[in-house]
file final28.txt (compact mmCIF, C-alpha atoms)
# COMPACT_ATOMS: atom_id res chain seq x y z
CA MET A 1 1.39 10.79 -59.83
CA SER A 2 3.47 13.20 -61.94
CA ASN A 3 1.78 16.26 -63.47
CA GLN A 4 3.69 15.53 -66.65
CA PRO A 5 2.95 11.93 -67.60
CA VAL A 6 5.61 9.99 -69.45
CA PHE A 7 3.01 8.12 -71.49
CA VAL A 8 0.12 9.66 -73.41
CA GLN A 9 -1.21 6.66 -75.33
CA THR A 10 -0.94 2.89 -75.33
CA GLU A 11 1.69 2.85 -78.07
CA ASP A 12 3.98 4.91 -75.84
CA VAL A 13 3.76 2.26 -73.12
CA LEU A 14 4.34 -0.66 -75.47
CA GLN A 15 7.34 1.05 -77.06
CA TRP A 16 8.83 1.87 -73.64
CA MET A 17 8.42 -1.79 -72.65
CA LYS A 18 10.35 -2.90 -75.74
CA GLU A 19 13.16 -0.47 -74.92
CA THR A 20 13.28 -0.95 -71.15
CA CYS A 21 12.13 -4.40 -70.06
CA VAL A 22 14.44 -7.40 -70.05
CA PRO A 23 13.18 -9.82 -72.72
CA LYS A 24 14.47 -12.92 -70.95
CA VAL A 25 12.75 -14.65 -68.06
CA LYS A 26 14.48 -13.99 -64.74
CA PRO A 27 13.60 -16.82 -62.29
CA ASP A 28 13.45 -15.01 -58.96
CA LEU A 29 11.00 -12.75 -57.10
CA ASP A 30 13.42 -9.96 -56.11
CA ARG A 31 11.99 -7.33 -58.45
CA MET A 32 8.37 -8.15 -57.62
CA GLU A 33 9.08 -8.03 -53.87
CA TRP A 34 10.90 -4.72 -54.26
CA MET A 35 8.05 -3.16 -56.25
CA LEU A 36 5.16 -4.46 -54.16
CA GLU A 37 6.73 -3.02 -51.01
CA ARG A 38 6.84 0.42 -52.64
CA LEU A 39 3.31 0.13 -54.05
CA ASP A 40 1.86 -0.50 -50.57
CA HIS A 41 1.09 -4.15 -51.41
CA PRO A 42 -1.91 -3.94 -53.74
CA GLU A 43 -2.06 -7.76 -53.76
CA ARG A 44 -3.23 -7.74 -50.13
CA ARG A 45 -6.46 -6.02 -51.18
CA CYS A 46 -7.44 -8.84 -53.57
CA LYS A 47 -8.93 -12.35 -53.45
CA PHE A 48 -7.23 -14.68 -55.90
CA ILE A 49 -7.86 -18.01 -57.56
CA HIS A 50 -4.31 -18.88 -58.61
CA ILE A 51 -3.80 -21.23 -61.59
CA ALA A 52 -0.59 -22.90 -62.77
CA GLY A 53 0.12 -25.80 -65.13
CA THR A 54 1.71 -26.70 -68.44
CA ASN A 55 -1.46 -26.99 -70.51
CA GLY A 56 -5.04 -25.91 -69.87
CA LYS A 57 -4.42 -22.90 -67.60
CA GLY A 58 -6.13 -20.40 -69.87
CA SER A 59 -9.17 -22.53 -70.69
CA THR A 60 -9.66 -23.41 -67.01
CA ALA A 61 -9.33 -19.75 -66.04
CA ALA A 62 -11.86 -18.72 -68.70
CA MET A 63 -14.42 -21.26 -67.47
CA ILE A 64 -14.03 -20.24 -63.82
CA SER A 65 -14.34 -16.57 -64.73
CA SER A 66 -17.37 -17.11 -66.96
CA VAL A 67 -19.33 -18.91 -64.23
CA LEU A 68 -18.43 -16.33 -61.57
CA VAL A 69 -19.55 -13.48 -63.82
CA GLU A 70 -22.78 -15.35 -64.56
CA ALA A 71 -23.30 -15.73 -60.79
CA GLY A 72 -23.11 -11.94 -60.42
CA TYR A 73 -19.62 -11.60 -58.96
CA LYS A 74 -17.43 -8.85 -60.33
CA THR A 75 -14.48 -10.89 -61.60
CA GLY A 76 -10.98 -9.94 -62.67
CA LEU A 77 -9.05 -12.15 -65.07
CA PHE A 78 -5.30 -12.10 -65.68
CA VAL A 79 -4.05 -14.42 -68.42
CA SER A 80 -1.31 -14.72 -71.03
CA PRO A 81 -0.52 -14.67 -73.84
CA SER A 82 -3.04 -12.48 -75.64
CA VAL A 83 -4.57 -13.80 -78.85
CA THR A 84 -7.07 -11.24 -80.13
CA GLN A 85 -5.64 -7.99 -78.69
CA TRP A 86 -2.95 -6.97 -76.22
CA ASN A 87 -5.34 -5.80 -73.47
CA GLU A 88 -7.29 -9.07 -73.18
CA ARG A 89 -4.70 -10.29 -70.69
CA ILE A 90 -6.26 -7.99 -68.04
CA GLN A 91 -10.07 -8.13 -67.85
CA ILE A 92 -13.01 -7.22 -65.65
CA ASP A 93 -16.22 -9.18 -66.34
CA HIS A 94 -14.93 -10.17 -69.82
CA GLN A 95 -14.08 -6.53 -70.67
CA PRO A 96 -10.40 -5.82 -71.43
CA ILE A 97 -8.60 -3.04 -69.56
CA PRO A 98 -9.24 0.26 -71.40
CA ASP A 99 -6.38 2.20 -72.94
CA GLU A 100 -6.73 5.08 -70.50
CA ALA A 101 -6.38 2.76 -67.51
CA LEU A 102 -3.28 1.14 -68.98
CA VAL A 103 -1.70 4.56 -69.57
CA LYS A 104 -2.71 5.75 -66.09
CA TRP A 105 -1.13 2.84 -64.26
CA ALA A 106 1.92 2.72 -66.51
CA ASN A 107 2.56 6.35 -65.57
CA TYR A 108 2.05 5.46 -61.90
CA LEU A 109 4.54 2.58 -62.11
CA HIS A 110 7.14 4.38 -64.22
CA PRO A 111 9.02 6.31 -61.49
CA HIS A 112 9.10 3.25 -59.24
CA ILE A 113 10.46 1.07 -62.03
CA MET A 114 13.10 3.63 -62.97
CA GLU A 115 14.17 3.76 -59.31
CA MET A 116 14.30 -0.04 -59.23
CA ILE A 117 16.50 -0.05 -62.34
CA GLU A 118 18.86 2.58 -60.92
CA LYS A 119 18.99 1.63 -57.22
CA GLY A 120 17.25 -1.72 -56.84
CA PRO A 121 17.39 -5.24 -58.29
CA GLY A 122 17.26 -4.11 -61.93
CA LYS A 123 14.98 -4.13 -64.96
CA PRO A 124 11.66 -5.98 -64.90
CA SER A 125 10.59 -8.50 -67.51
CA PRO A 126 7.55 -7.65 -69.66
CA PHE A 127 5.50 -10.20 -67.70
CA GLU A 128 6.50 -8.62 -64.39
CA PHE A 129 5.38 -5.23 -65.71
CA TRP A 130 2.00 -6.63 -66.83
CA THR A 131 1.58 -8.33 -63.45
CA LEU A 132 2.27 -5.13 -61.52
CA LEU A 133 -0.04 -3.12 -63.75
CA ALA A 134 -2.83 -5.68 -63.34
CA LEU A 135 -2.46 -5.63 -59.54
CA CYS A 136 -2.75 -1.85 -59.43
CA TYR A 137 -5.72 -1.80 -61.80
CA PHE A 138 -7.55 -4.50 -59.86
CA ALA A 139 -6.71 -3.27 -56.36
CA TYR A 140 -7.11 0.49 -56.76
CA ASP A 141 -9.49 0.98 -59.72
CA GLU A 142 -11.93 -1.90 -60.13
CA VAL A 143 -11.82 -3.88 -56.85
CA PRO A 144 -13.37 -7.12 -58.19
CA TRP A 145 -14.83 -9.68 -55.78
CA PHE A 146 -12.60 -12.41 -57.24
CA ILE A 147 -9.51 -12.40 -59.45
CA VAL A 148 -8.76 -15.45 -61.59
CA TRP A 149 -4.98 -15.23 -61.66
CA GLU A 150 -3.01 -17.29 -64.19
CA ALA A 151 0.68 -17.94 -63.63
CA GLY A 152 3.00 -17.25 -66.53
CA LEU A 153 5.97 -19.62 -66.41
CA GLY A 154 6.27 -22.29 -63.76
CA GLY A 155 4.93 -21.32 -60.35
CA ARG A 156 7.49 -21.09 -57.57
CA TRP A 157 9.42 -18.19 -59.10
CA ASP A 158 6.59 -16.80 -61.22
CA ALA A 159 5.80 -13.10 -60.89
CA THR A 160 2.22 -13.95 -59.93
CA ASN A 161 3.24 -15.97 -56.88
CA LEU A 162 3.56 -13.24 -54.22
CA ILE A 163 -0.11 -13.57 -53.29
CA SER A 164 -2.19 -15.57 -50.82
CA PRO A 165 -4.96 -17.24 -52.85
CA LEU A 166 -8.32 -18.57 -51.73
CA VAL A 167 -7.53 -21.71 -53.72
CA SER A 168 -4.57 -22.91 -55.78
CA VAL A 169 -5.28 -24.76 -59.04
CA ILE A 170 -2.83 -26.92 -60.96
CA THR A 171 -3.82 -28.11 -64.44
CA GLN A 172 -2.15 -30.71 -66.67
CA ILE A 173 1.62 -31.07 -66.25
CA GLY A 174 3.87 -31.91 -69.20
CA ILE A 175 7.32 -31.20 -70.57
CA ASP A 176 7.86 -27.56 -71.51
CA HIS A 177 10.44 -24.85 -70.70
CA LYS A 178 12.94 -27.52 -69.62
CA HIS A 179 15.76 -24.99 -69.30
CA PHE A 180 13.81 -23.19 -66.56
CA LEU A 181 11.60 -25.83 -64.95
CA GLY A 182 13.41 -29.17 -65.17
CA ASN A 183 13.87 -32.21 -67.37
CA SER A 184 11.09 -34.43 -66.03
CA VAL A 185 7.39 -34.25 -65.23
CA SER A 186 8.22 -34.62 -61.53
CA GLU A 187 10.66 -31.70 -61.56
CA ILE A 188 8.23 -29.49 -63.47
CA ALA A 189 5.38 -30.47 -61.13
CA GLN A 190 7.56 -29.42 -58.19
CA GLU A 191 7.93 -25.96 -59.72
CA LYS A 192 4.20 -25.67 -60.47
CA ALA A 193 3.36 -26.83 -56.94
CA GLY A 194 5.22 -23.76 -55.71
CA ILE A 195 1.91 -21.89 -55.86
CA ILE A 196 0.47 -24.03 -53.03
CA LYS A 197 0.18 -21.93 -49.86
CA PRO A 198 0.00 -23.21 -46.27
CA GLY A 199 -3.49 -24.24 -45.24
CA MET A 200 -5.17 -23.16 -48.49
CA PRO A 201 -7.11 -25.72 -50.57
CA VAL A 202 -5.67 -27.12 -53.80
CA VAL A 203 -7.45 -28.45 -56.90
CA CYS A 204 -5.32 -30.76 -59.05
CA GLY A 205 -6.32 -31.35 -62.67
CA ALA A 206 -3.09 -33.17 -63.51
CA THR A 207 -3.45 -36.86 -64.38
CA ARG A 208 0.13 -38.11 -64.73
CA ALA A 209 0.95 -40.25 -61.71
CA GLU A 210 4.36 -38.69 -61.16
CA ALA A 211 2.86 -35.17 -61.17
CA VAL A 212 0.02 -36.13 -58.81
CA GLU A 213 2.52 -37.70 -56.40
CA VAL A 214 4.57 -34.50 -56.23
CA ILE A 215 1.52 -32.26 -55.80
CA THR A 216 0.11 -34.57 -53.12
CA ASN A 217 3.37 -34.46 -51.16
CA VAL A 218 3.59 -30.66 -51.32
CA ALA A 219 -0.05 -30.29 -50.27
CA LYS A 220 0.62 -32.55 -47.25
CA GLN A 221 3.70 -30.53 -46.31
CA LYS A 222 1.65 -27.32 -46.47
CA ASN A 223 -1.35 -28.82 -44.61
CA SER A 224 -3.52 -27.99 -47.62
CA ASP A 225 -6.66 -29.96 -48.47
CA LEU A 226 -6.22 -31.51 -51.93
CA PHE A 227 -8.86 -32.46 -54.50
CA VAL A 228 -7.55 -34.60 -57.37
CA VAL A 229 -9.28 -35.20 -60.70
CA ASN A 230 -10.56 -38.77 -61.21
CA GLN A 231 -10.24 -39.35 -57.45
CA ASP A 232 -12.23 -36.63 -55.70
CA PHE A 233 -14.07 -35.31 -58.75
CA GLN A 234 -14.67 -36.43 -62.34
CA VAL A 235 -16.58 -35.80 -65.55
CA THR A 236 -18.44 -38.25 -67.74
CA SER A 237 -18.89 -37.30 -71.38
CA SER A 238 -22.32 -37.88 -72.86
CA ARG A 239 -21.73 -36.26 -76.26
CA SER A 240 -18.66 -34.80 -78.02
CA THR A 241 -18.66 -33.04 -81.40
CA SER A 242 -16.70 -30.39 -83.27
CA ASP A 243 -18.99 -27.86 -81.52
CA GLY A 244 -17.99 -28.89 -78.00
CA HIS A 245 -19.00 -31.30 -75.24
CA GLN A 246 -22.01 -32.29 -73.17
CA PHE A 247 -21.10 -33.95 -69.88
CA HIS A 248 -21.90 -34.76 -66.26
CA PHE A 249 -19.79 -33.66 -63.29
CA SER A 250 -19.64 -35.28 -59.87
CA ASN A 251 -17.59 -34.73 -56.74
CA VAL A 252 -17.64 -35.31 -53.00
CA TYR A 253 -20.41 -32.74 -52.65
CA ARG A 254 -22.88 -33.38 -55.49
CA THR A 255 -23.60 -34.09 -59.17
CA LEU A 256 -24.25 -31.63 -62.01
CA SER A 257 -25.86 -33.12 -65.12
CA ASP A 258 -26.00 -32.18 -68.81
CA LEU A 259 -23.52 -29.31 -68.73
CA LYS A 260 -22.17 -28.02 -72.04
CA ILE A 261 -18.99 -26.27 -73.14
CA PRO A 262 -18.32 -24.91 -76.66
CA LEU A 263 -14.60 -25.77 -76.42
CA VAL A 264 -13.38 -28.67 -78.54
CA GLY A 265 -11.10 -31.55 -77.50
CA HIS A 266 -11.19 -34.20 -74.78
CA HIS A 267 -8.65 -32.21 -72.79
CA GLN A 268 -11.30 -29.52 -72.35
CA LEU A 269 -13.40 -31.99 -70.37
CA GLN A 270 -10.52 -32.31 -67.90
CA ASN A 271 -10.21 -28.52 -67.80
CA ALA A 272 -13.96 -28.20 -67.21
CA ALA A 273 -13.77 -30.70 -64.35
CA THR A 274 -10.92 -28.72 -62.77
CA ALA A 275 -12.78 -25.43 -63.19
CA ILE A 276 -16.01 -26.75 -61.68
CA MET A 277 -14.21 -28.32 -58.71
CA THR A 278 -12.52 -24.99 -58.06
CA LEU A 279 -15.89 -23.25 -58.06
CA GLU A 280 -17.25 -25.93 -55.74
CA VAL A 281 -14.43 -25.18 -53.30
CA LEU A 282 -15.46 -21.50 -53.40
CA ARG A 283 -19.04 -22.56 -52.67
CA GLN A 284 -18.18 -24.85 -49.78
CA ARG A 285 -15.30 -22.97 -48.17
CA TYR A 286 -16.10 -19.32 -48.86
CA ALA A 287 -19.92 -19.12 -48.93
CA THR A 288 -19.92 -18.25 -52.64
CA LEU A 289 -23.44 -18.43 -54.08
CA ILE A 290 -23.35 -20.32 -57.37
CA GLU A 291 -26.59 -21.91 -58.57
CA ASP A 292 -26.88 -24.77 -61.06
CA LEU A 293 -28.14 -22.30 -63.66
CA HIS A 294 -24.98 -20.21 -63.24
CA TYR A 295 -22.87 -23.26 -64.05
CA GLU A 296 -25.04 -24.08 -67.03
CA LYS A 297 -25.01 -20.58 -68.56
CA GLY A 298 -21.43 -19.70 -67.61
CA LEU A 299 -19.96 -22.85 -69.15
CA LYS A 300 -22.20 -22.75 -72.20
CA ASN A 301 -21.13 -19.19 -73.00
CA VAL A 302 -17.41 -19.48 -72.30
CA SER A 303 -15.17 -18.15 -75.07
CA TRP A 304 -11.46 -18.83 -75.44
CA PRO A 305 -10.01 -17.85 -78.85
CA GLY A 306 -7.10 -19.66 -80.43
CA ARG A 307 -7.82 -23.04 -78.87
CA LEU A 308 -9.11 -25.32 -81.62
CA GLU A 309 -11.01 -22.33 -82.94
CA GLN A 310 -12.73 -22.81 -86.29
CA MET A 311 -12.46 -19.67 -88.39
CA SER A 312 -14.24 -20.91 -91.52
CA ASP A 313 -15.52 -23.93 -93.38
CA GLN A 314 -15.02 -24.92 -97.03
CA PRO A 315 -12.17 -25.24 -96.35
CA THR A 316 -12.20 -25.75 -92.59
CA ILE A 317 -9.61 -23.45 -91.00
CA LEU A 318 -8.59 -24.31 -87.45
CA LEU A 319 -6.38 -22.27 -85.13
CA ASP A 320 -4.74 -23.90 -82.14
CA GLY A 321 -1.90 -22.55 -80.02
CA ALA A 322 -0.48 -26.00 -79.17
CA HIS A 323 3.25 -25.45 -78.63
CA ASN A 324 4.49 -28.49 -76.72
CA ALA A 325 4.37 -32.22 -77.32
CA ASP A 326 1.43 -33.00 -75.04
CA ALA A 327 -0.71 -30.21 -76.45
CA VAL A 328 0.07 -31.23 -80.04
CA ALA A 329 -0.73 -34.87 -79.27
CA GLU A 330 -4.14 -33.79 -77.96
CA LEU A 331 -4.64 -31.58 -81.01
CA VAL A 332 -3.90 -34.47 -83.39
CA ARG A 333 -6.24 -36.76 -81.46
CA THR A 334 -9.09 -34.24 -81.54
CA VAL A 335 -8.72 -33.38 -85.22
CA SER A 336 -8.63 -37.08 -86.13
CA GLU A 337 -11.76 -37.85 -84.12
CA MET A 338 -13.86 -34.75 -84.69
CA TYR A 339 -13.23 -33.64 -88.29
CA THR A 340 -13.68 -35.17 -91.73
CA TYR A 341 -11.47 -33.89 -94.55
CA ASP A 342 -9.56 -34.92 -97.66
CA ARG A 343 -6.14 -33.50 -96.77
CA CYS A 344 -4.63 -31.73 -93.78
CA LEU A 345 -2.65 -28.66 -94.85
CA ALA A 346 -0.81 -27.07 -91.94
CA MET A 347 1.18 -23.90 -91.26
CA ILE A 348 3.57 -23.89 -88.33
CA ALA A 349 5.93 -21.51 -86.55
CA MET A 350 7.69 -22.27 -83.28
CA MET A 351 9.71 -20.53 -80.61
CA ASN A 352 13.34 -21.63 -80.40
CA ASP A 353 13.11 -22.70 -76.74
CA LYS A 354 10.55 -25.46 -77.43
CA GLU A 355 11.01 -29.22 -77.82
CA ILE A 356 10.68 -28.85 -81.57
CA ASP A 357 11.47 -32.38 -82.74
CA GLN A 358 9.04 -33.91 -80.25
CA VAL A 359 6.28 -31.58 -81.44
CA LEU A 360 6.99 -32.40 -85.08
CA GLN A 361 7.05 -36.15 -84.40
CA ARG A 362 3.46 -35.92 -83.18
CA LEU A 363 2.16 -33.45 -85.75
CA LEU A 364 3.70 -34.47 -89.07
CA PRO A 365 2.11 -37.93 -89.51
CA MET A 366 -1.25 -36.16 -89.87
CA VAL A 367 -0.03 -33.45 -92.29
CA ASP A 368 -0.23 -33.89 -96.07
CA HIS A 369 1.39 -30.55 -96.92
CA LEU A 370 3.24 -28.23 -94.53
CA VAL A 371 3.98 -24.53 -94.71
CA VAL A 372 6.84 -23.49 -92.41
CA THR A 373 7.03 -19.85 -91.37
CA GLU A 374 8.13 -17.56 -88.54
CA VAL A 375 6.80 -14.60 -86.55
CA ALA A 376 9.14 -11.72 -87.28
CA ASP A 377 8.41 -9.58 -84.20
CA ALA A 378 8.46 -12.46 -81.70
CA PRO A 379 11.99 -12.38 -80.22
CA ARG A 380 12.19 -16.15 -79.69
CA SER A 381 10.71 -17.18 -83.04
CA MET A 382 12.85 -19.76 -84.84
CA PRO A 383 13.78 -18.67 -88.39
CA ALA A 384 11.65 -20.48 -90.96
CA GLU A 385 14.54 -22.16 -92.73
CA GLU A 386 15.98 -23.44 -89.46
CA LEU A 387 12.59 -24.89 -88.51
CA ALA A 388 12.38 -26.48 -91.96
CA GLU A 389 15.65 -28.31 -91.24
CA HIS A 390 14.03 -29.86 -88.18
CA VAL A 391 11.11 -30.96 -90.37
CA ARG A 392 13.49 -32.59 -92.89
CA LYS A 393 15.21 -34.45 -90.06
CA VAL A 394 11.98 -35.73 -88.50
CA LYS A 395 10.15 -36.55 -91.75
CA PRO A 396 12.50 -36.42 -94.76
CA LYS A 397 9.76 -36.88 -97.38
CA GLN A 398 7.35 -34.30 -95.95
CA LYS A 399 5.80 -32.08 -98.66
CA MET A 400 6.77 -28.61 -97.52
CA ASP A 401 7.09 -24.96 -98.50
CA VAL A 402 8.97 -22.30 -96.54
CA PHE A 403 7.81 -18.69 -96.20
CA PRO A 404 9.49 -16.29 -93.76
CA SER A 405 6.31 -14.18 -94.07
CA PHE A 406 3.31 -15.82 -92.40
CA GLU A 407 1.02 -13.66 -94.59
CA GLU A 408 2.53 -15.22 -97.69
CA GLY A 409 2.42 -18.63 -96.05
CA LEU A 410 -1.30 -18.33 -95.33
CA LYS A 411 -1.99 -17.11 -98.85
CA HIS A 412 -0.08 -20.09 -100.27
CA LEU A 413 -1.91 -22.51 -97.98
CA LYS A 414 -5.26 -21.22 -99.22
CA GLN A 415 -4.16 -21.50 -102.85
CA LEU A 416 -3.23 -25.15 -102.31
CA SER A 417 -6.52 -26.04 -100.66
CA THR A 418 -9.89 -27.24 -101.87
CA ASP A 419 -13.21 -26.92 -100.02
CA GLN A 420 -12.81 -30.45 -98.66
CA ASP A 421 -9.42 -29.82 -97.02
CA LEU A 422 -8.61 -28.88 -93.43
CA LEU A 423 -6.20 -25.98 -92.87
CA LEU A 424 -4.46 -26.04 -89.49
CA ILE A 425 -2.42 -23.17 -88.05
CA THR A 426 -0.47 -24.16 -84.92
CA GLY A 427 2.84 -24.32 -83.05
CA SER A 428 2.78 -20.89 -81.43
CA PHE A 429 0.26 -18.49 -79.90
CA TYR A 430 2.17 -15.70 -81.64
CA LEU A 431 1.41 -17.27 -85.03
CA VAL A 432 -2.20 -18.01 -84.06
CA SER A 433 -2.71 -14.42 -82.90
CA LYS A 434 -1.24 -12.91 -86.08
CA THR A 435 -3.11 -15.29 -88.37
CA ARG A 436 -6.38 -14.82 -86.52
CA SER A 437 -6.17 -11.03 -86.90
CA LEU A 438 -5.55 -11.46 -90.63
CA LEU A 439 -8.47 -13.87 -91.07
CA VAL A 440 -10.84 -11.61 -89.10
CA LEU A 441 -9.76 -8.66 -91.24
CA GLU A 442 -10.34 -10.64 -94.44
CA LYS A 443 -13.77 -11.77 -93.24
CA SER A 444 -14.83 -8.22 -92.38
CA ALA A 445 -13.71 -7.02 -95.83
CA THR A 446 -15.80 -9.67 -97.61
CA PRO A 447 -19.15 -8.25 -98.77
call {"tool": "encode", "arguments": {"input": "final28.txt", "output": "structure tokens"}}
result
Amino acid sequence: MSNQPVFVQTEDVLQWMKETCVPKVKPDLDRMEWMLERLDHPERRCKFIHIAGTNGKGSTAAMISSVLVEAGYKTGLFVSPSVTQWNERIQIDHQPIPDEALVKWANYLHPHIMEMIEKGPGKPSPFEFWTLLALCYFAYDEVPWFIVWEAGLGGRWDATNLISPLVSVITQIGIDHKHFLGNSVSEIAQEKAGIIKPGMPVVCGATRAEAVEVITNVAKQKNSDLFVVNQDFQVTSSRSTSDGHQFHFSNVYRTLSDLKIPLVGHHQLQNAATAIMTLEVLRQRYATLIEDLHYEKGLKNVSWPGRLEQMSDQPTILLDGAHNADAVAELVRTVSEMYTYDRCLAMIAMMNDKEIDQVLQRLLPMVDHLVVTEVADAPRSMPAEELAEHVRKVKPKQKMDVFPSFEEGLKHLKQLSTDQDLLLITGSFYLVSKTRSLLVLEKSATP
């Protein structure tokens, strides 16, 4: 490592990333292969649980990680995007990577990346940089027993995919990122199934028949044992409220009764089933010691901000990062079933590469008054007025206000509301993250 580091503090690293990294997704593995060769393959020192899918990746990863930590295994977690703070995307036993470690490994990577830019396959994307930094931190600093490793976009060409996992996990498959992954569920499932490795077990939490068919075929081609939700394992709900779920889990091995998760929405039951089956594979295939009590405590204590997270009551303020049609449909279903309110007042921002009209078609029937905004420092954020035009096309008589500033939008939303209303912030994890920080700041300032 150089005696004169390029970076002194976190802000230096983040600014360099803005100036150096390619903001667009580059669907190939050339840069990752080039870098890993020069870093002496840190990925070969690690044991991964690799997770891909359209919806539910993060929640499933959080549940797996929480149970493993409860069972006493040092556990790394790599997820995206961040909601509460930038460094939550790289964790050890629920603790985000410290600033000094980020700076250390950014300085370590810097000369290699500059060489790659000058003599190799070119500039990395921000996600590729985070992936490389996480690998170095996990492999050379912390050496966790397990790493719960969430794919970013897709699977086959994702930067996380140059690893050999203990188990591959595929969550719900839906339509998202069509310009990269394909125009149908089958095509997208094919990309996600790219994380399946020869001979390694696969847990499938997808329920759409066309997705399951693709994943089943790929697993057969790779000689990988496959466990499919509602076929090889399932959950039965015993009680669902706005505080979470109580349920029973069963699979080919055994039954676990009266488990609880504090995550809201029926989709979280499917995610819990997928997470538990993954842990059961670790138990059966890799002699991982997980007791019933570890499941009970780990699931009960799981935390995953920005997913149907209630920030206050009177009025009820909900944050949810739903950003595609399937996720929004599940959000609408859950809010309708779990919450009582006079009016639904919503604030939305969206990225310009999303299926915006399909999202609005599912969301707007529930919304009495809409605030349309944007996230200024998110490069793909659709301008507020342009998003408003989509709203007018989908629902011409929608009551709506437009604020390019989300701070002003939130303030206006609160002014419109009464204690009996429900305030919903959704459409983008960028918006949820920004709004959440503002609400936490306001709460801490209240005497």
call {"tool": "residues_around", "arguments": {"input": "final28.txt", "residues": "Gln234 of chain A", "least_positions_apart": "2", "cutoff": "8 Å", "atoms": "all atoms listed in the file", "output": "MDAnalysis selection string"}}
result
chainID A and resid 229:232 236 249:251 273
call {"tool": "atom_distance", "arguments": {"input": "final28.txt", "atom1": "atom CA of Glu385 of chain A", "atom2": "atom CA of Ile425 of chain A"}}
result
17.6 Å
call {"tool": "closest_residue", "arguments": {"input": "final28.txt", "among": "A:Leu424, A:Val8, A:Ile261, A:Leu293", "to": "Leu308 of chain A", "atoms": "all atoms listed in the file"}}
result
A:Leu424
call {"tool": "residues_around", "arguments": {"input": "final28.txt", "residues": "segment 185-187 of chain A", "least_positions_apart": "2", "cutoff": "7 Å", "atoms": "only C-alpha atoms", "output": "PyMOL selection string"}}
result
chain A and resi 173-175+181-183+189-191+210-211+214
call {"tool": "write_last_selection", "arguments": {"input": "final28.txt", "atoms": "C-alpha atoms", "output": "JSON list (two decimals), keeping the file's coordinate frame"}}
result
[["chain", "number", "residue", "atom", "x", "y", "z"],
["A", 173, "ILE", "CA", 1.62, -31.07, -66.25],
["A", 174, "GLY", "CA", 3.87, -31.91, -69.20],
["A", 175, "ILE", "CA", 7.32, -31.20, -70.57],
["A", 181, "LEU", "CA", 11.60, -25.83, -64.95],
["A", 182, "GLY", "CA", 13.41, -29.17, -65.17],
["A", 183, "ASN", "CA", 13.87, -32.21, -67.37],
["A", 189, "ALA", "CA", 5.38, -30.47, -61.13],
["A", 190, "GLN", "CA", 7.56, -29.42, -58.19],
["A", 191, "GLU", "CA", 7.93, -25.96, -59.72],
["A", 210, "GLU", "CA", 4.36, -38.69, -61.16],
["A", 211, "ALA", "CA", 2.86, -35.17, -61.17],
["A", 214, "VAL", "CA", 4.57, -34.50, -56.23]]
call {"tool": "residues_near_point", "arguments": {"input": "final28.txt", "point": "(-1.7, -28.7, -60.6)", "cutoff": "7 Å", "atoms": "only C-alpha atoms", "output": "ChimeraX atom specification"}}
result
/A:52-53,169-173,192-193,203-206,215
call {"tool": "atom_distance", "arguments": {"input": "final28.txt", "atom1": "atom CA of Lys414 of chain A", "atom2": "atom CA of Asp313 of chain A"}}
result
12.1 Å
call {"tool": "closest_atom_pairs", "arguments": {"input": "final28.txt", "of": "segment 38-114 of chain A", "to": "segment 9-19 of chain A", "cutoff": "12 Å", "atoms": "all atoms listed in the file", "output": "tab-separated table"}}
result
residue	atom	partner	partner_atom	distance
A:Trp86	CA	A:Leu14	CA	9.7
A:Asn87	CA	A:Thr10	CA	9.9
A:Ile97	CA	A:Thr10	CA	11.3
A:Pro98	CA	A:Thr10	CA	9.6
A:Asp99	CA	A:Thr10	CA	6.0
A:Glu100	CA	A:Gln9	CA	7.5
A:Ala101	CA	A:Thr10	CA	9.5
A:Leu102	CA	A:Thr10	CA	7.0
A:Val103	CA	A:Thr10	CA	6.0
A:Lys104	CA	A:Gln9	CA	9.4
A:Trp105	CA	A:Val13	CA	10.1
A:Ala106	CA	A:Val13	CA	6.9
A:Asn107	CA	A:Val13	CA	8.7
A:Tyr108	CA	A:Val13	CA	11.8
A:Leu109	CA	A:Val13	CA	11.0
A:His110	CA	A:Val13	CA	9.8
A:Ile113	CA	A:Met17	CA	11.2
A:Met114	CA	A:Trp16	CA	11.6
call {"tool": "write_last_selection", "arguments": {"input": "final28.txt", "atoms": "C-alpha atoms", "output": "PDB file, in the frame of the given file"}}
result
ATOM      1  CA  TRP A  86      -2.950  -6.970 -76.220  1.00  0.00           C
ATOM      2  CA  ASN A  87      -5.340  -5.800 -73.470  1.00  0.00           C
ATOM      3  CA  ILE A  97      -8.600  -3.040 -69.560  1.00  0.00           C
ATOM      4  CA  PRO A  98      -9.240   0.260 -71.400  1.00  0.00           C
ATOM      5  CA  ASP A  99      -6.380   2.200 -72.940  1.00  0.00           C
ATOM      6  CA  GLU A 100      -6.730   5.080 -70.500  1.00  0.00           C
ATOM      7  CA  ALA A 101      -6.380   2.760 -67.510  1.00  0.00           C
ATOM      8  CA  LEU A 102      -3.280   1.140 -68.980  1.00  0.00           C
ATOM      9  CA  VAL A 103      -1.700   4.560 -69.570  1.00  0.00           C
ATOM     10  CA  LYS A 104      -2.710   5.750 -66.090  1.00  0.00           C
ATOM     11  CA  TRP A 105      -1.130   2.840 -64.260  1.00  0.00           C
ATOM     12  CA  ALA A 106       1.920   2.720 -66.510  1.00  0.00           C
ATOM     13  CA  ASN A 107       2.560   6.350 -65.570  1.00  0.00           C
ATOM     14  CA  TYR A 108       2.050   5.460 -61.900  1.00  0.00           C
ATOM     15  CA  LEU A 109       4.540   2.580 -62.110  1.00  0.00           C
ATOM     16  CA  HIS A 110       7.140   4.380 -64.220  1.00  0.00           C
ATOM     17  CA  ILE A 113      10.460   1.070 -62.030  1.00  0.00           C
ATOM     18  CA  MET A 114      13.100   3.630 -62.970  1.00  0.00           C
TER      19      MET A 114
END
